[in-house]
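Working notes, structure below.
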Amino acid sequence: MKREDTIDYHIKATWHAIARMYNAEASQYALTVSVGYILLNIDLDKGTPATKIAPLLGLEARSITRTLKNMEEVGFIFKVQDDKDRRFFRIFLTEKGKIAREHARETVLKFNEAVLAQIPQNDIDNFFQVITQINQIIDQLVPKNASLPEIVEDLP
């Protein structure tokens with residue numbers, strides 16, 4: 001079987017194309033795809049607990065620690081310590097972060113509009129159905145908290 005015949009090849013290739021497109025747009029505003037997604041996932045009014053941001057993006061908390069620190073240094077976010085439990089912080093957007101968030105939001109909406117203008121709604125509905133099923137299959141195949149070696153060993 002050629003790699004072009006596998007499901008994951010097409011998902012990965014498409015995601016990389018989207019990321020390249022988003023990074024090209026984001027670079028005009030000194031942003032990256034990762035920063036843009038974090039900005040889009042911070043609640044504008046209540047902030048977002050730092051521990052909740054990574055799971056919203058499908059990542060481990062330790063994988064965004066440096067990005068959050070850089071975002072704070074650049075002035076996109078600020079942290080507020082939790083009154084009840086001083087170990088936890090809530091992340092809020094600064095005015096600069098809100099402006100950057102709006103650029104990220106506009107980029108995502110522009111891409112969605114371009115796709116929706118060229119692909120019939122029925123095909124979009126089918127795509128969402130299939131991608132949801134693929135995620136359900138992944139959830140069945142991969143135990144929560146499994147490490148990569150365990151996953152690789154279990155593959156056929």
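Labeling convention for the structure tokens: chains A, B, ... as they appear, residues from 1 per chain, ligands from 1 in order of appearance.
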* **Residue neighbourhood segment 35-42 of chain A, 8 Å, only C-alpha atoms, exclusion window fewer than 6 positions, as a ChimeraX atom specification** => /A:26,48,53,56-57,67,71,91-93,97-98,100-101,104-105
Neighbouring residues of segment 7-11 of chain A were defined as those with any atom within 12 Å, considering only C-alpha atoms; residues of the same chain fewer than 4 positions away were excluded. Please report them as a PDB file with N, CA and C atoms, in the first residue's frame.
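Output saved as result_0.pdb:
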```
ATOM      1  N   MET A   1       0.845  -1.182   0.000  1.00  0.00           N
ATOM      2  CA  MET A   1       0.000   0.000   0.000  1.00  0.00           C
ATOM      3  C   MET A   1       0.891   1.247   0.000  1.00  0.00           C
ATOM      4  N   LYS A   2       0.593   2.156  -0.886  1.00  0.00           N
ATOM      5  CA  LYS A   2       1.334   3.416  -0.949  1.00  0.00           C
ATOM      6  C   LYS A   2       0.816   4.347   0.146  1.00  0.00           C
ATOM      7  N   ARG A   3       1.686   5.241   0.589  1.00  0.00           N
ATOM      8  CA  ARG A   3       1.289   6.166   1.655  1.00  0.00           C
ATOM      9  C   ARG A   3       0.086   7.009   1.241  1.00  0.00           C
ATOM     10  N   TRP A  15      -3.561  18.866   7.073  1.00  0.00           N
ATOM     11  CA  TRP A  15      -3.280  19.708   8.236  1.00  0.00           C
ATOM     12  C   TRP A  15      -2.002  20.517   8.014  1.00  0.00           C
ATOM     13  N   HIS A  16      -0.964  19.921   7.447  1.00  0.00           N
ATOM     14  CA  HIS A  16       0.269  20.666   7.196  1.00  0.00           C
ATOM     15  C   HIS A  16       0.034  21.801   6.199  1.00  0.00           C
ATOM     16  N   ALA A  17      -0.797  21.563   5.188  1.00  0.00           N
ATOM     17  CA  ALA A  17      -1.110  22.627   4.227  1.00  0.00           C
ATOM     18  C   ALA A  17      -1.854  23.770   4.913  1.00  0.00           C
ATOM     19  N   ILE A  18      -2.800  23.420   5.772  1.00  0.00           N
ATOM     20  CA  ILE A  18      -3.549  24.441   6.518  1.00  0.00           C
ATOM     21  C   ILE A  18      -2.590  25.209   7.439  1.00  0.00           C
ATOM     22  N   PHE A 127     -18.122  15.154   5.373  1.00  0.00           N
ATOM     23  CA  PHE A 127     -16.771  15.260   5.919  1.00  0.00           C
ATOM     24  C   PHE A 127     -16.802  15.273   7.443  1.00  0.00           C
ATOM     25  N   VAL A 130     -17.617  11.815   8.768  1.00  0.00           N
ATOM     26  CA  VAL A 130     -16.499  10.881   8.644  1.00  0.00           C
ATOM     27  C   VAL A 130     -15.398  11.219   9.643  1.00  0.00           C
ATOM     28  N   ILE A 131     -15.036  12.484   9.790  1.00  0.00           N
ATOM     29  CA  ILE A 131     -13.950  12.856  10.697  1.00  0.00           C
ATOM     30  C   ILE A 131     -14.350  12.575  12.148  1.00  0.00           C
ATOM     31  N   ILE A 134     -13.839   8.869  12.569  1.00  0.00           N
ATOM     32  CA  ILE A 134     -12.405   8.565  12.690  1.00  0.00           C
ATOM     33  C   ILE A 134     -11.940   8.859  14.116  1.00  0.00           C
ATOM     34  N   ASN A 135     -12.371   9.969  14.686  1.00  0.00           N
ATOM     35  CA  ASN A 135     -12.004  10.291  16.071  1.00  0.00           C
ATOM     36  C   ASN A 135     -12.556   9.262  17.048  1.00  0.00           C
ATOM     37  N   ILE A 138     -10.342   6.228  16.812  1.00  0.00           N
ATOM     38  CA  ILE A 138      -9.088   6.486  17.524  1.00  0.00           C
ATOM     39  C   ILE A 138      -9.297   6.316  19.022  1.00  0.00           C
TER      40      ILE A 138
END
```
* To do: Just the strand (DSSP E or B) stuff from chain A, please, per backbone DSSP, written as an NGL selection string.
  => :A and (48-49 or 77-81 or 89-93)
* Which residues in segment 8-156 of chain A does DSSP call alpha helix (DSSP H)? List them as a ChimeraX atom specification. -> /A:8-26,33-40,50-56,65-74,95-118,121-141,148-154
* Atomic distance atom CA of Thr51 of chain A - atom CA of Phe88 of chain A, expressed in Å with one decimal ->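 Separating atom CA of Thr51 of chain A from atom CA of Phe88 of chain A is a distance of 7.9 Å.
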* Asked: Which residue out of A:Ser34, A:Asp82, A:Pro55, A:Pro49 has the minimum interatomic distance to Asn70 of chain A when only C-alpha atoms are used?
  ->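 For Asn70 of chain A, the nearest of the given residues is A:Ser34.
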* Asked: How many Å separate atom CA of Glu102 of chain A from atom CA of Arg20 of chain A?
  ->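 The value is 19.1 Å.
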* **Interatomic distance (Å, one decimal) between atom CA of Val74 of chain A and atom CA of Ser27 of chain A** =>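 Separation between atom CA of Val74 of chain A and atom CA of Ser27 of chain A: 14.4 Å.
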* To do: Please provide the set of residues having any atom within 10 Å of Phe111 of chain A, restricted to only C-alpha atoms, with same-chain residues fewer than 5 positions apart removed, written as a PyMOL selection string.
  => chain A and resi 18+21-22+106+116-117
